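For reference, model-v8.cif (mmCIF, C-alpha atoms and all ligand atoms):
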```
data_work
loop_
_atom_site.label_atom_id
_atom_site.label_comp_id
_atom_site.auth_asym_id
_atom_site.auth_seq_id
_atom_site.Cartn_x
_atom_site.Cartn_y
_atom_site.Cartn_z
CA MET A 14 12.83 15.85 -60.40
CA ASN A 15 15.20 17.92 -58.27
CA GLY A 16 18.69 16.75 -57.39
CA ASN A 17 17.88 14.97 -54.12
CA SER A 18 16.73 11.61 -55.52
CA ILE A 19 18.24 8.97 -57.81
CA GLY A 20 17.16 5.60 -59.23
CA LYS A 21 14.12 4.34 -61.16
CA ALA A 22 12.84 1.08 -59.60
CA LEU A 23 14.68 1.65 -56.34
CA VAL A 24 14.51 5.36 -55.63
CA PHE A 25 16.88 6.88 -53.09
CA THR A 26 16.27 10.30 -51.57
CA CYS A 27 18.96 11.86 -49.41
CA PHE A 28 18.26 14.61 -46.86
CA GLY A 29 19.97 16.51 -44.04
CA GLU A 30 23.00 18.73 -43.55
CA SER A 31 26.35 18.29 -41.82
CA HIS A 32 25.47 20.41 -38.77
CA GLY A 33 21.66 20.17 -38.96
CA ALA A 34 19.61 17.80 -36.80
CA LEU A 35 20.28 14.66 -38.80
CA ILE A 36 21.24 12.92 -42.03
CA GLY A 37 18.65 10.66 -43.64
CA ALA A 38 17.82 8.34 -46.51
CA ILE A 39 14.48 7.28 -47.94
CA ILE A 40 14.43 4.16 -50.08
CA ASP A 41 11.27 3.70 -52.11
CA GLY A 42 10.64 0.59 -54.22
CA CYS A 43 12.19 -2.01 -51.95
CA PRO A 44 10.14 -5.21 -52.24
CA ALA A 45 8.10 -6.33 -49.23
CA GLY A 46 9.32 -9.28 -47.20
CA LEU A 47 13.04 -8.45 -47.00
CA PRO A 48 14.28 -9.13 -43.46
CA LEU A 49 15.81 -5.85 -42.28
CA LYS A 50 17.21 -4.89 -38.88
CA GLU A 51 18.94 -1.70 -37.77
CA GLU A 52 22.02 -3.87 -37.20
CA ASP A 53 22.17 -4.63 -40.98
CA ILE A 54 22.50 -0.90 -41.67
CA GLN A 55 24.75 -0.25 -38.66
CA ILE A 56 27.40 -2.73 -39.82
CA GLU A 57 27.82 -0.71 -43.03
CA LEU A 58 27.69 2.69 -41.29
CA ASN A 59 30.41 1.63 -38.87
CA LYS A 60 32.79 1.18 -41.82
CA ARG A 61 32.39 4.88 -42.73
CA ARG A 62 32.11 6.42 -39.27
CA PRO A 63 34.54 9.29 -38.54
CA GLY A 64 36.67 10.00 -35.52
CA PHE A 65 38.13 6.65 -34.63
CA THR A 66 41.58 6.74 -36.25
CA GLU A 67 44.41 9.27 -36.36
CA ILE A 68 43.91 9.73 -40.12
CA SER A 69 40.27 10.78 -40.02
CA THR A 70 38.49 13.91 -38.82
CA PRO A 71 38.43 14.16 -35.03
CA ARG A 72 34.66 14.80 -35.23
CA ARG A 73 33.17 12.07 -33.02
CA GLU A 74 29.88 10.80 -34.40
CA GLU A 75 28.28 7.58 -33.28
CA ASP A 76 26.15 7.37 -36.44
CA ARG A 77 23.55 5.18 -34.73
CA VAL A 78 20.86 4.38 -37.30
CA GLU A 79 17.14 4.60 -36.59
CA ILE A 80 14.74 3.00 -39.08
CA VAL A 81 11.65 5.17 -38.77
CA SER A 82 9.35 3.69 -41.42
CA GLY A 83 8.86 0.87 -43.90
CA VAL A 84 9.80 -2.03 -41.63
CA TYR A 85 7.33 -4.01 -39.51
CA LYS A 86 8.13 -7.06 -37.38
CA GLY A 87 11.59 -7.25 -38.91
CA TYR A 88 10.51 -7.27 -42.58
CA THR A 89 10.19 -4.53 -45.16
CA THR A 90 6.55 -3.68 -45.84
CA GLY A 91 6.86 -2.39 -49.41
CA ALA A 92 6.36 1.19 -48.16
CA PRO A 93 9.17 3.79 -48.28
CA ILE A 94 11.93 3.00 -45.79
CA CYS A 95 13.19 6.06 -43.92
CA MET A 96 16.47 5.83 -42.01
CA ILE A 97 18.22 8.54 -40.03
CA VAL A 98 21.39 9.20 -38.05
CA ARG A 99 21.42 12.20 -35.73
CA ASN A 100 24.27 14.72 -35.77
CA ARG A 101 25.75 15.03 -32.29
CA ASP A 102 29.30 16.42 -32.37
CA VAL A 103 28.69 19.74 -34.09
CA LYS A 104 31.05 22.74 -33.84
CA SER A 105 29.85 25.38 -36.30
CA LYS A 106 31.93 28.42 -35.31
CA PRO A 107 34.72 27.90 -37.91
CA TYR A 108 32.10 28.07 -40.70
CA GLU A 109 30.76 31.55 -39.84
CA THR A 110 33.12 33.17 -42.35
CA VAL A 111 32.85 30.82 -45.37
CA MET A 112 29.96 32.76 -46.94
CA VAL A 113 32.21 35.84 -47.04
CA LYS A 114 35.55 34.13 -47.65
CA PRO A 115 34.89 30.89 -49.57
CA ARG A 116 37.29 27.98 -49.06
CA PRO A 117 39.28 27.14 -52.22
CA GLY A 118 38.26 23.72 -53.53
CA HIS A 119 35.03 23.48 -51.50
CA ALA A 120 31.47 24.35 -52.58
CA ASP A 121 31.11 27.53 -50.47
CA TYR A 122 31.26 29.94 -53.42
CA THR A 123 29.15 27.98 -55.93
CA ALA A 124 26.46 27.15 -53.33
CA LYS A 125 26.26 30.76 -52.15
CA ILE A 126 25.70 32.03 -55.69
CA LYS A 127 23.23 29.27 -56.65
CA TYR A 128 21.08 29.53 -53.51
CA GLY A 129 21.38 33.28 -53.04
CA GLY A 130 23.15 32.86 -49.70
CA TYR A 131 20.28 30.87 -48.14
CA ASN A 132 22.23 27.59 -48.09
CA ASP A 133 23.36 26.15 -44.74
CA PRO A 134 27.15 26.64 -44.71
CA ARG A 135 27.80 24.93 -41.35
CA GLY A 136 30.26 22.10 -41.81
CA GLY A 137 29.73 22.37 -45.58
CA GLY A 138 25.94 21.84 -45.18
CA ARG A 139 24.64 19.71 -48.07
CA PHE A 140 28.13 19.64 -49.57
CA SER A 141 29.70 17.85 -46.64
CA GLY A 142 31.12 14.35 -46.93
CA ARG A 143 28.75 13.62 -44.05
CA ILE A 144 25.81 13.23 -46.44
CA THR A 145 27.47 10.03 -47.64
CA ALA A 146 26.20 8.39 -44.43
CA ALA A 147 22.85 8.40 -46.28
CA TYR A 148 24.45 6.74 -49.32
CA VAL A 149 25.76 3.99 -47.05
CA MET A 150 22.33 3.44 -45.49
CA ALA A 151 20.81 3.08 -48.98
CA GLY A 152 23.67 0.81 -50.02
CA ALA A 153 23.08 -1.48 -47.03
CA ILE A 154 19.57 -2.24 -48.30
CA ALA A 155 20.82 -2.59 -51.87
CA LYS A 156 23.43 -5.12 -50.72
CA LYS A 157 20.75 -7.20 -49.00
CA LEU A 158 18.68 -7.20 -52.20
CA LEU A 159 21.72 -8.16 -54.28
CA SER A 160 22.55 -11.04 -51.95
CA LEU A 161 19.23 -12.60 -53.05
CA ILE A 162 20.72 -13.06 -56.53
CA GLY A 163 24.25 -13.85 -55.33
CA VAL A 164 25.86 -10.52 -56.29
CA GLU A 165 28.69 -9.36 -54.01
CA VAL A 166 30.10 -5.82 -53.96
CA LEU A 167 33.60 -4.98 -52.69
CA ALA A 168 35.80 -1.87 -52.63
CA HIS A 169 39.36 -1.12 -51.61
CA THR A 170 41.91 1.67 -51.62
CA VAL A 171 44.34 1.25 -54.52
CA GLN A 172 46.15 4.58 -54.32
CA VAL A 173 46.97 7.32 -51.81
CA GLY A 174 49.08 10.13 -53.27
CA ASN A 175 51.82 8.35 -55.21
CA ILE A 176 51.59 5.06 -53.31
CA ARG A 177 49.82 2.55 -55.52
CA VAL A 178 48.68 -1.06 -55.40
CA GLU A 179 50.36 -2.12 -58.67
CA ASN A 180 49.42 -5.81 -58.79
CA GLU A 181 46.04 -7.50 -58.99
CA VAL A 182 44.74 -8.23 -55.46
CA SER A 183 42.74 -11.40 -54.82
CA TYR A 184 39.09 -11.02 -53.85
CA GLU A 185 39.90 -13.07 -50.76
CA ASP A 186 42.55 -10.54 -49.65
CA ILE A 187 40.09 -7.70 -50.24
CA ARG A 188 37.39 -9.43 -48.15
CA ARG A 189 39.87 -10.27 -45.38
CA ASN A 190 42.09 -7.17 -45.16
CA VAL A 191 40.23 -4.04 -46.18
CA TYR A 192 38.40 -3.28 -42.96
CA SER A 193 41.27 -4.43 -40.74
CA ASN A 194 43.40 -1.31 -41.43
CA PRO A 195 42.45 2.38 -41.28
CA VAL A 196 43.27 3.15 -44.94
CA ARG A 197 41.10 0.29 -46.26
CA CYS A 198 43.86 -1.17 -48.42
CA ALA A 199 43.96 -4.93 -49.09
CA VAL A 200 47.79 -5.07 -49.08
CA PRO A 201 48.97 -4.64 -45.45
CA GLU A 202 52.53 -3.38 -46.31
CA LEU A 203 51.12 -0.72 -48.63
CA ALA A 204 48.43 0.16 -46.10
CA GLU A 205 51.20 1.16 -43.68
CA LYS A 206 52.97 3.28 -46.30
CA MET A 207 49.68 4.99 -47.21
CA MET A 208 49.01 5.67 -43.56
CA GLU A 209 52.48 7.24 -43.14
CA GLU A 210 51.92 9.37 -46.22
CA ILE A 211 48.59 10.69 -44.92
CA LEU A 212 50.15 11.52 -41.54
CA ARG A 213 53.18 13.17 -43.18
CA VAL A 214 51.06 15.37 -45.44
CA SER A 215 48.65 16.27 -42.66
CA LYS A 216 51.55 17.39 -40.40
CA GLU A 217 52.44 19.85 -43.18
CA GLY A 218 48.89 21.24 -42.93
CA ASP A 219 48.07 19.71 -46.29
CA SER A 220 45.91 16.88 -47.71
CA VAL A 221 46.26 14.08 -50.23
CA GLY A 222 43.98 12.31 -52.76
CA GLY A 223 43.82 8.80 -54.14
CA VAL A 224 41.85 6.08 -55.88
CA VAL A 225 39.24 3.56 -54.73
CA GLU A 226 38.40 0.48 -56.79
CA GLY A 227 34.85 -0.91 -56.69
CA ILE A 228 34.17 -4.49 -57.76
CA ALA A 229 30.91 -6.39 -58.26
CA LEU A 230 31.03 -10.18 -58.53
CA ASN A 231 28.49 -12.65 -59.96
CA VAL A 232 26.61 -9.91 -61.81
CA PRO A 233 24.23 -11.59 -64.27
CA VAL A 234 24.55 -10.81 -67.99
CA GLY A 235 22.00 -8.23 -69.14
CA LEU A 236 21.79 -5.45 -66.52
CA GLY A 237 21.60 -1.96 -68.04
CA GLU A 238 19.04 -0.04 -70.12
CA PRO A 239 20.77 1.49 -73.16
CA VAL A 240 20.98 4.06 -74.37
CA PHE A 241 20.44 6.67 -71.66
CA ASP A 242 20.29 4.36 -68.64
CA SER A 243 23.24 2.23 -69.66
CA LEU A 244 24.82 0.46 -66.70
CA ASP A 245 28.13 2.30 -66.94
CA SER A 246 26.49 5.72 -67.25
CA ASP A 247 24.26 5.06 -64.21
CA ILE A 248 27.20 3.78 -62.14
CA ALA A 249 29.35 6.75 -63.19
CA LYS A 250 26.57 9.21 -62.35
CA MET A 251 26.08 7.70 -58.90
CA LEU A 252 29.81 7.72 -58.19
CA PHE A 253 30.18 11.33 -59.33
CA ASN A 254 27.56 12.19 -56.69
CA ILE A 255 30.14 11.38 -54.01
CA PRO A 256 31.72 14.68 -52.97
CA ALA A 257 35.37 15.06 -54.10
CA VAL A 258 35.15 12.50 -56.94
CA ARG A 259 37.06 13.75 -59.97
CA GLY A 260 37.26 10.70 -62.24
CA VAL A 261 35.62 7.34 -62.92
CA GLU A 262 37.05 4.66 -65.19
CA PHE A 263 35.87 1.14 -66.00
CA GLY A 264 38.26 -1.78 -66.58
CA ALA A 265 41.38 -0.57 -68.39
CA GLY A 266 39.83 2.93 -68.39
CA PHE A 267 41.87 5.71 -69.96
CA ARG A 268 44.63 3.20 -70.80
CA VAL A 269 42.52 1.93 -73.73
CA ALA A 270 43.32 5.17 -75.55
CA SER A 271 46.87 3.94 -76.09
CA MET A 272 46.03 0.28 -76.80
CA LYS A 273 45.46 -1.40 -80.14
CA GLY A 274 42.14 -3.16 -80.80
CA SER A 275 43.93 -6.48 -80.56
CA GLU A 276 45.09 -5.54 -77.05
CA ALA A 277 41.92 -3.88 -75.79
CA ASN A 278 39.36 -6.43 -76.99
CA ASP A 279 38.41 -9.01 -74.39
CA GLN A 280 38.35 -12.31 -76.28
CA TYR A 281 35.64 -14.85 -75.55
CA ALA A 282 36.11 -18.34 -74.15
CA ILE A 283 33.97 -21.02 -72.54
CA ARG A 284 34.77 -21.99 -68.92
CA GLY A 285 32.60 -24.46 -67.02
CA GLY A 286 29.90 -24.13 -69.68
CA ARG A 287 29.80 -20.31 -69.26
CA VAL A 288 30.77 -17.64 -71.78
CA VAL A 289 33.58 -15.59 -70.27
CA THR A 290 36.28 -13.24 -71.53
CA THR A 291 39.96 -14.04 -71.03
CA THR A 292 40.76 -10.43 -70.07
CA ASN A 293 38.50 -7.78 -68.54
CA ASN A 294 39.53 -4.47 -70.09
CA ALA A 295 35.84 -3.61 -70.46
CA GLY A 296 35.36 -3.80 -66.69
CA GLY A 297 32.34 -6.11 -67.03
CA ILE A 298 30.18 -3.85 -69.20
CA LEU A 299 29.71 -3.87 -72.99
CA GLY A 300 27.21 -1.69 -74.84
CA GLY A 301 26.02 -0.41 -71.49
CA ILE A 302 25.01 -3.96 -70.46
CA SER A 303 26.72 -6.21 -67.90
CA ASN A 304 28.57 -9.06 -69.64
CA GLY A 305 28.85 -11.42 -66.66
CA MET A 306 32.49 -10.61 -65.90
CA PRO A 307 33.34 -8.77 -62.66
CA ILE A 308 32.39 -5.10 -62.84
CA LYS A 309 35.52 -3.09 -62.07
CA VAL A 310 35.42 0.64 -61.63
CA ARG A 311 38.10 3.01 -60.33
CA VAL A 312 37.18 6.25 -58.66
CA ALA A 313 39.66 9.15 -58.31
CA PHE A 314 39.30 11.41 -55.27
CA LYS A 315 40.88 14.83 -55.02
CA PRO A 316 42.80 15.88 -51.89
CA THR A 317 40.53 17.20 -49.12
CA PRO A 318 39.91 20.88 -49.94
CA SER A 319 39.95 22.18 -46.33
CA ILE A 320 43.64 22.37 -45.40
CA ALA A 321 45.46 24.22 -42.63
CA LYS A 322 48.03 25.81 -44.99
CA LYS A 323 47.55 29.48 -45.78
CA GLN A 324 45.84 30.03 -49.19
CA ARG A 325 44.42 32.90 -51.22
CA THR A 326 40.70 33.57 -51.60
CA VAL A 327 38.41 36.54 -52.05
CA ASN A 328 36.42 38.53 -49.51
CA LEU A 329 33.04 38.71 -51.28
CA GLU A 330 31.76 41.53 -49.06
CA ILE A 331 34.47 44.00 -50.01
CA MET A 332 35.55 42.27 -53.25
CA ARG A 333 39.20 42.05 -52.28
CA GLU A 334 41.74 39.21 -52.49
CA GLU A 335 42.80 37.98 -49.05
CA ASP A 336 44.55 35.16 -47.22
CA ILE A 337 42.52 32.34 -45.71
CA GLU A 338 43.50 29.97 -42.91
CA ILE A 339 40.91 27.24 -42.49
CA ALA A 340 39.86 25.97 -39.07
CA GLY A 341 37.39 23.19 -38.35
CA ARG A 342 37.90 19.43 -38.24
CA HIS A 343 38.75 17.67 -41.48
CA ASP A 344 39.89 14.38 -42.99
CA PRO A 345 43.46 14.78 -44.30
CA CYS A 346 42.54 12.15 -46.94
CA ILE A 347 39.00 11.36 -48.04
CA VAL A 348 39.85 8.01 -49.65
CA PRO A 349 39.71 5.68 -46.61
CA ARG A 350 36.27 6.92 -45.59
CA ALA A 351 35.05 6.81 -49.18
CA VAL A 352 35.67 3.07 -49.59
CA PRO A 353 32.34 1.96 -48.04
CA VAL A 354 30.66 4.82 -49.93
CA VAL A 355 31.90 3.52 -53.30
CA GLU A 356 30.71 0.05 -52.27
CA ALA A 357 27.27 1.47 -51.39
CA CYS A 358 26.92 3.47 -54.62
CA LEU A 359 27.84 0.51 -56.82
CA ALA A 360 25.43 -1.74 -54.89
CA PHE A 361 22.61 0.79 -55.18
CA VAL A 362 22.82 1.06 -58.97
CA LEU A 363 23.06 -2.71 -59.42
CA ALA A 364 20.05 -3.29 -57.14
CA ASP A 365 18.05 -0.65 -59.02
CA HIS A 366 18.86 -2.36 -62.34
CA ALA A 367 18.21 -5.86 -60.96
CA LEU A 368 14.74 -4.69 -59.90
CA ARG A 369 14.19 -3.04 -63.28
CA SER A 370 15.09 -6.35 -64.96
CA ASN A 371 12.69 -8.25 -62.65
CA LEU A 372 15.54 -10.38 -61.30
CA ILE A 373 14.33 -9.63 -57.77
CA PRO A 374 10.62 -10.34 -57.12
CA GLY A 375 8.15 -7.70 -55.89
CA VAL A 376 7.45 -9.73 -52.74
CA ILE A 377 10.27 -11.72 -51.20
CA LYS A 378 9.14 -15.07 -49.78
CA SER A 379 10.90 -16.05 -46.56
CA ASP A 380 12.45 -19.17 -48.11
CA GLU A 381 14.29 -16.86 -50.54
CA THR A 382 15.99 -14.93 -47.72
C1 LIG A 401 33.66 10.77 -46.90
C2 LIG A 401 34.02 12.18 -47.26
C3 LIG A 401 34.60 13.02 -46.32
C4 LIG A 401 34.95 14.33 -46.65
N1 LIG A 401 35.52 15.10 -45.69
C5 LIG A 401 35.88 16.38 -45.99
C6 LIG A 401 36.50 17.20 -45.00
O1 LIG A 401 36.74 16.79 -43.86
N2 LIG A 401 36.83 18.47 -45.35
C7 LIG A 401 36.61 18.97 -46.61
O2 LIG A 401 36.94 20.11 -46.89
N3 LIG A 401 36.03 18.20 -47.57
C8 LIG A 401 35.65 16.93 -47.29
N4 LIG A 401 35.06 16.16 -48.26
C9 LIG A 401 34.96 16.69 -49.64
C10 LIG A 401 33.94 17.81 -49.84
O3 LIG A 401 32.68 17.42 -49.35
C11 LIG A 401 33.89 18.18 -51.32
O4 LIG A 401 35.17 18.36 -51.84
C12 LIG A 401 33.09 19.47 -51.54
O5 LIG A 401 31.72 19.23 -51.31
C13 LIG A 401 33.22 20.04 -52.97
O6 LIG A 401 32.69 19.15 -53.91
P1 LIG A 401 33.56 18.56 -55.11
O7 LIG A 401 34.91 18.27 -54.54
O8 LIG A 401 32.83 17.30 -55.52
O9 LIG A 401 33.60 19.60 -56.17
C14 LIG A 401 34.69 14.84 -47.95
C15 LIG A 401 34.10 13.98 -48.90
C16 LIG A 401 33.77 12.68 -48.57
C17 LIG A 401 33.16 11.78 -49.60
#
```
Just dump the structure as structure tokens.
Amino acid sequence: MNGNSIGKALVFTCFGESHGALIGAIIDGCPAGLPLKEEDIQIELNKRRPGFTEISTPRREEDRVEIVSGVYKGYTTGAPICMIVRNRDVKSKPYETVMVKPRPGHADYTAKIKYGGYNDPRGGGRFSGRITAAYVMAGAIAKKLLSLIGVEVLAHTVQVGNIRVENEVSYEDIRRNVYSNPVRCAVPELAEKMMEEILRVSKEGDSVGGVVEGIALNVPVGLGEPVFDSLDSDIAKMLFNIPAVRGVEFGAGFRVASMKGSEANDQYAIRGGRVVTTTNNAGGILGGISNGMPIKVRVAFKPTPSIAKKQRTVNLEIMREEDIEIAGRHDPCIVPRAVPVVEACLAFVLADHALRSNLIPGVIKSDET
């Protein structure tokens, strides 16, 4: 299989380029009988859409979804579901030079070498954050499937630059606050500070990174197919497919390296007749299998590579080092727009594994929806 599809029971294929005609997703393996409207997908896409706040790219895209196959009379048919959004606000001129003078931190150089210069460089082509619109479309269907078994997926910004959410945030605050501020942070006071930081850095012609936390609640015990399709490895792989992701950690993550066993182990208890753990350093996964505790995963994003500040690069035509000043329209911080993408990626992997474990039936009866 080439690199354009992912998943085993629920297979997701992503197509399109940033400045091509459209961005699209095909979902194969979705059971028949799931009620699905364009509005279900649109609600998720609207969370990711660019161009509506002062901290996102000024590119104005409506991202209006069209479901072009796999749905009949409002229900999935069991056939592949193809969804598209058309690219409208395209300005390709600033990208005419990136094949000769690659942008530091972006994929211009690696893509040119790999594809012999035949890749579409406009707006980053296949390497644009815009392809994550397809991830969100796939995630919208995954979320609907997960709702059949009571699984809820959330995400929120927990760090922008050096501004961090230090304390545990309640799920209620995440549900209520995340999409009511442009940085997608559940703590309103910190959201304002993060916003100021993004604006400050962007005025300097620079960019800033950060961290998004993804959470899945009510995940049944037993999802994951060790050893090579373990739940954590599949989630990590999906998350690393988001452009600009540089790190993924579950639960206590890298902190476990400095803990003792007695601190890191999550001890068992019985609450309301259920086996639980009294801490969640494992992030809800043990031995590659969900343990019934919330799945918690943190995703580190690098600062946006395309910055206005002058940098050094090479001119590949004449093989000389030169300055580069990057034009085009860019997000000064990727993190806020990546929050719904992390949500979608986590939902997709969980839905794929729920189908693989036969927790979701092959045909959904209307009384189950
Ligand atoms: C939602 C989203 C938006 C992004 N916006 C931009 C952008 O405006 N400018 C830019 O240079 N990179 C942007 N990126 C990041 C690049 O696509 C990414 O850094 C590039 O493809 C290189 O891949 P790598 O960082 O994973 O190595 C964005 C990524 C995401 C997920």
Sort by chain and increasing residue number a table of all residues of chain A within 10 Å of ligand LIG 401 (chain A), each with its closest pair of atoms and their distance in Å to one decimal, counting only C-alpha atoms and all ligand atoms, and write it as CSV.
```
residue,atom,partner,partner_atom,distance
A:Ser31,CA,A:LIG401,O3,9.9
A:Arg61,CA,A:LIG401,C1,7.3
A:Arg62,CA,A:LIG401,C1,8.9
A:Pro63,CA,A:LIG401,C1,8.5
A:Ser69,CA,A:LIG401,O1,8.0
A:Thr70,CA,A:LIG401,O1,6.1
A:Pro71,CA,A:LIG401,O1,9.4
A:Arg72,CA,A:LIG401,O1,9.1
A:Arg116,CA,A:LIG401,O2,8.2
A:Pro117,CA,A:LIG401,O2,9.1
A:Gly118,CA,A:LIG401,C13,6.3
A:His119,CA,A:LIG401,C13,4.2
A:Ala120,CA,A:LIG401,C13,4.7
A:Asp121,CA,A:LIG401,C13,8.2
A:Thr123,CA,A:LIG401,C13,9.4
A:Ala124,CA,A:LIG401,O5,9.7
A:Gly136,CA,A:LIG401,N2,8.3
A:Gly137,CA,A:LIG401,O5,6.8
A:Gly138,CA,A:LIG401,O5,8.8
A:Arg139,CA,A:LIG401,O5,7.8
A:Phe140,CA,A:LIG401,O5,4.0
A:Ser141,CA,A:LIG401,O3,4.1
A:Gly142,CA,A:LIG401,C16,3.5
A:Arg143,CA,A:LIG401,C3,6.3
A:Ile144,CA,A:LIG401,C17,8.1
A:Thr145,CA,A:LIG401,C17,6.3
A:Ala146,CA,A:LIG401,C1,8.2
A:Ser220,CA,A:LIG401,N2,9.5
A:Phe253,CA,A:LIG401,O8,7.6
A:Asn254,CA,A:LIG401,O8,7.4
A:Ile255,CA,A:LIG401,C17,5.4
A:Pro256,CA,A:LIG401,O8,3.8
A:Ala257,CA,A:LIG401,O7,3.3
A:Val258,CA,A:LIG401,O8,5.5
A:Arg259,CA,A:LIG401,O8,7.1
A:Phe314,CA,A:LIG401,O7,8.2
A:Lys315,CA,A:LIG401,O7,6.9
A:Pro316,CA,A:LIG401,O4,8.0
A:Thr317,CA,A:LIG401,N3,4.9
A:Pro318,CA,A:LIG401,O2,4.3
A:Ser319,CA,A:LIG401,O2,3.7
A:Ile320,CA,A:LIG401,O2,7.2
A:Ile339,CA,A:LIG401,O2,9.3
A:Gly341,CA,A:LIG401,N2,8.5
A:Arg342,CA,A:LIG401,O1,6.3
A:His343,CA,A:LIG401,O1,3.2
A:Asp344,CA,A:LIG401,O1,4.1
A:Pro345,CA,A:LIG401,O1,7.0
A:Cys346,CA,A:LIG401,N1,7.7
A:Ile347,CA,A:LIG401,C3,5.0
A:Val348,CA,A:LIG401,C1,7.3
A:Pro349,CA,A:LIG401,C1,7.9
A:Arg350,CA,A:LIG401,C1,4.8
A:Ala351,CA,A:LIG401,C1,4.8
A:Val352,CA,A:LIG401,C1,8.4
A:Pro353,CA,A:LIG401,C1,9.0
A:Val354,CA,A:LIG401,C1,7.3
A:Val355,CA,A:LIG401,C17,9.1
```
* Given the choices A:Val182, A:Val103, A:Leu158, A:Val196, which gets closest to A:Leu47 if the distance is worked out from all atoms listed in the file? -> A:Leu158
* Looking at A:Gly264, A:Gly301, A:Gly222, A:Pro201, which one is nearest to A:Val234, with distances taken over only C-alpha atoms? ->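 Closest to A:Val234 of all the choices is A:Gly301.
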Once you add 3 Å to each side, what are the centre and edge lengths of the axis-aligned box holding all listed atoms of stretch 341-352 of chain A? One decimal in Å, as lines of an AutoDock Vina configuration file, if you can.
```
center_x = 39.3
center_y = 13.1
center_z = -43.9
size_x = 14.4
size_y = 26.1
size_z = 17.4
```
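Residues lying within 12 Å of A:Thr290, counting only C-alpha atoms and ignoring same-chain neighbours fewer than 4 positions away, are Ala277, Asn278, Asp279, Gln280, Tyr281, Ala282, Ile283, Arg284, Asn294, Ala295, Gly296, Gly297, Ile298, Leu299, Asn304, Gly305, Met306 and Pro307 of chain A.
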* **Proximity to A:Leu252 - best of A:Tyr128, A:Tyr148, A:Tyr122, A:Tyr88, only C-alpha atoms** =>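 Among A:Tyr128, A:Tyr148, A:Tyr122, A:Tyr88, it is A:Tyr148 that comes nearest to A:Leu252.
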* Contacts of A:Lys21 within 10 Å, only C-alpha atoms, excl. fewer than 3 positions in-chain, as an NGL selection string -> :A and (18 or 24-25 or 41-42 or 242 or 362 or 365-366 or 368-369)
* How many Å lie between atom CA of A:Val81 and atom CA of A:Ala367, rounded to one decimal? -> 25.6 Å
* Asked: With distances taken over all atoms listed in the file, which of A:Thr89, A:Ser246, A:Asn190, A:Gln172 is nearest to A:Gly375?
  ->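 Among the listed residues, the smallest separation from A:Gly375 belongs to A:Thr89.
The shortest atom-to-atom distance to A:Glu217, with only C-alpha atoms taken into account, belongs to A:Lys322 out of A:Lys156, A:Arg197, A:Phe361, A:Lys322.
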* Asked: For the point (46.2, 34.3, -43.2) in file coordinates, what residues are within 7 Å, counting all atoms listed in the file? Give the answer as a ChimeraX atom specification?
  -> /A:323,336-338
* Could you tell me how far atom CA of A:Gly266 lies from atom CA of A:Ile302, in Å and to one decimal? =>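 For atom CA of A:Gly266 relative to atom CA of A:Ile302, the distance reads 16.5 Å.
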* Take atom CA of A:Tyr131 and atom CA of A:Gln324 and report the distance between them in Å, one decimal. =>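 The value is 25.6 Å.
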* So, counting all atoms listed in the file, which residue among A:Thr90, A:Asn180, A:Gln55, A:Asn293 is closest to A:Ala153? -> A:Gln55
Completion of stretch 124-133 of chain A up to N, CA and C atoms, as an mmCIF file, keeping the file's coordinate frame:
```
data_model
loop_
_atom_site.group_PDB
_atom_site.id
_atom_site.type_symbol
_atom_site.label_atom_id
_atom_site.label_comp_id
_atom_site.auth_asym_id
_atom_site.auth_seq_id
_atom_site.Cartn_x
_atom_site.Cartn_y
_atom_site.Cartn_z
ATOM 1 N N ALA A 124 27.750 27.314 -54.034
ATOM 2 C CA ALA A 124 26.460 27.150 -53.330
ATOM 3 C C ALA A 124 25.890 28.521 -52.967
ATOM 4 N N LYS A 125 26.745 29.417 -52.525
ATOM 5 C CA LYS A 125 26.260 30.760 -52.150
ATOM 6 C C LYS A 125 25.597 31.454 -53.346
ATOM 7 N N ILE A 126 26.249 31.369 -54.491
ATOM 8 C CA ILE A 126 25.700 32.030 -55.690
ATOM 9 C C ILE A 126 24.403 31.335 -56.120
ATOM 10 N N LYS A 127 24.417 30.002 -56.153
ATOM 11 C CA LYS A 127 23.230 29.270 -56.650
ATOM 12 C C LYS A 127 22.013 29.488 -55.757
ATOM 13 N N TYR A 128 22.220 29.459 -54.423
ATOM 14 C CA TYR A 128 21.080 29.530 -53.510
ATOM 15 C C TYR A 128 20.905 30.931 -52.903
ATOM 16 N N GLY A 129 21.563 31.889 -53.476
ATOM 17 C CA GLY A 129 21.380 33.280 -53.040
ATOM 18 C C GLY A 129 21.778 33.511 -51.598
ATOM 19 N N GLY A 130 22.680 32.676 -51.080
ATOM 20 C CA GLY A 130 23.150 32.860 -49.700
ATOM 21 C C GLY A 130 22.243 32.218 -48.658
ATOM 22 N N TYR A 131 21.188 31.513 -49.098
ATOM 23 C CA TYR A 131 20.280 30.870 -48.140
ATOM 24 C C TYR A 131 20.725 29.458 -47.753
ATOM 25 N N ASN A 132 21.762 28.937 -48.415
ATOM 26 C CA ASN A 132 22.230 27.590 -48.090
ATOM 27 C C ASN A 132 22.821 27.547 -46.683
ATOM 28 N N ASP A 133 22.795 26.348 -46.086
ATOM 29 C CA ASP A 133 23.360 26.150 -44.740
ATOM 30 C C ASP A 133 24.856 25.877 -44.903
#
```
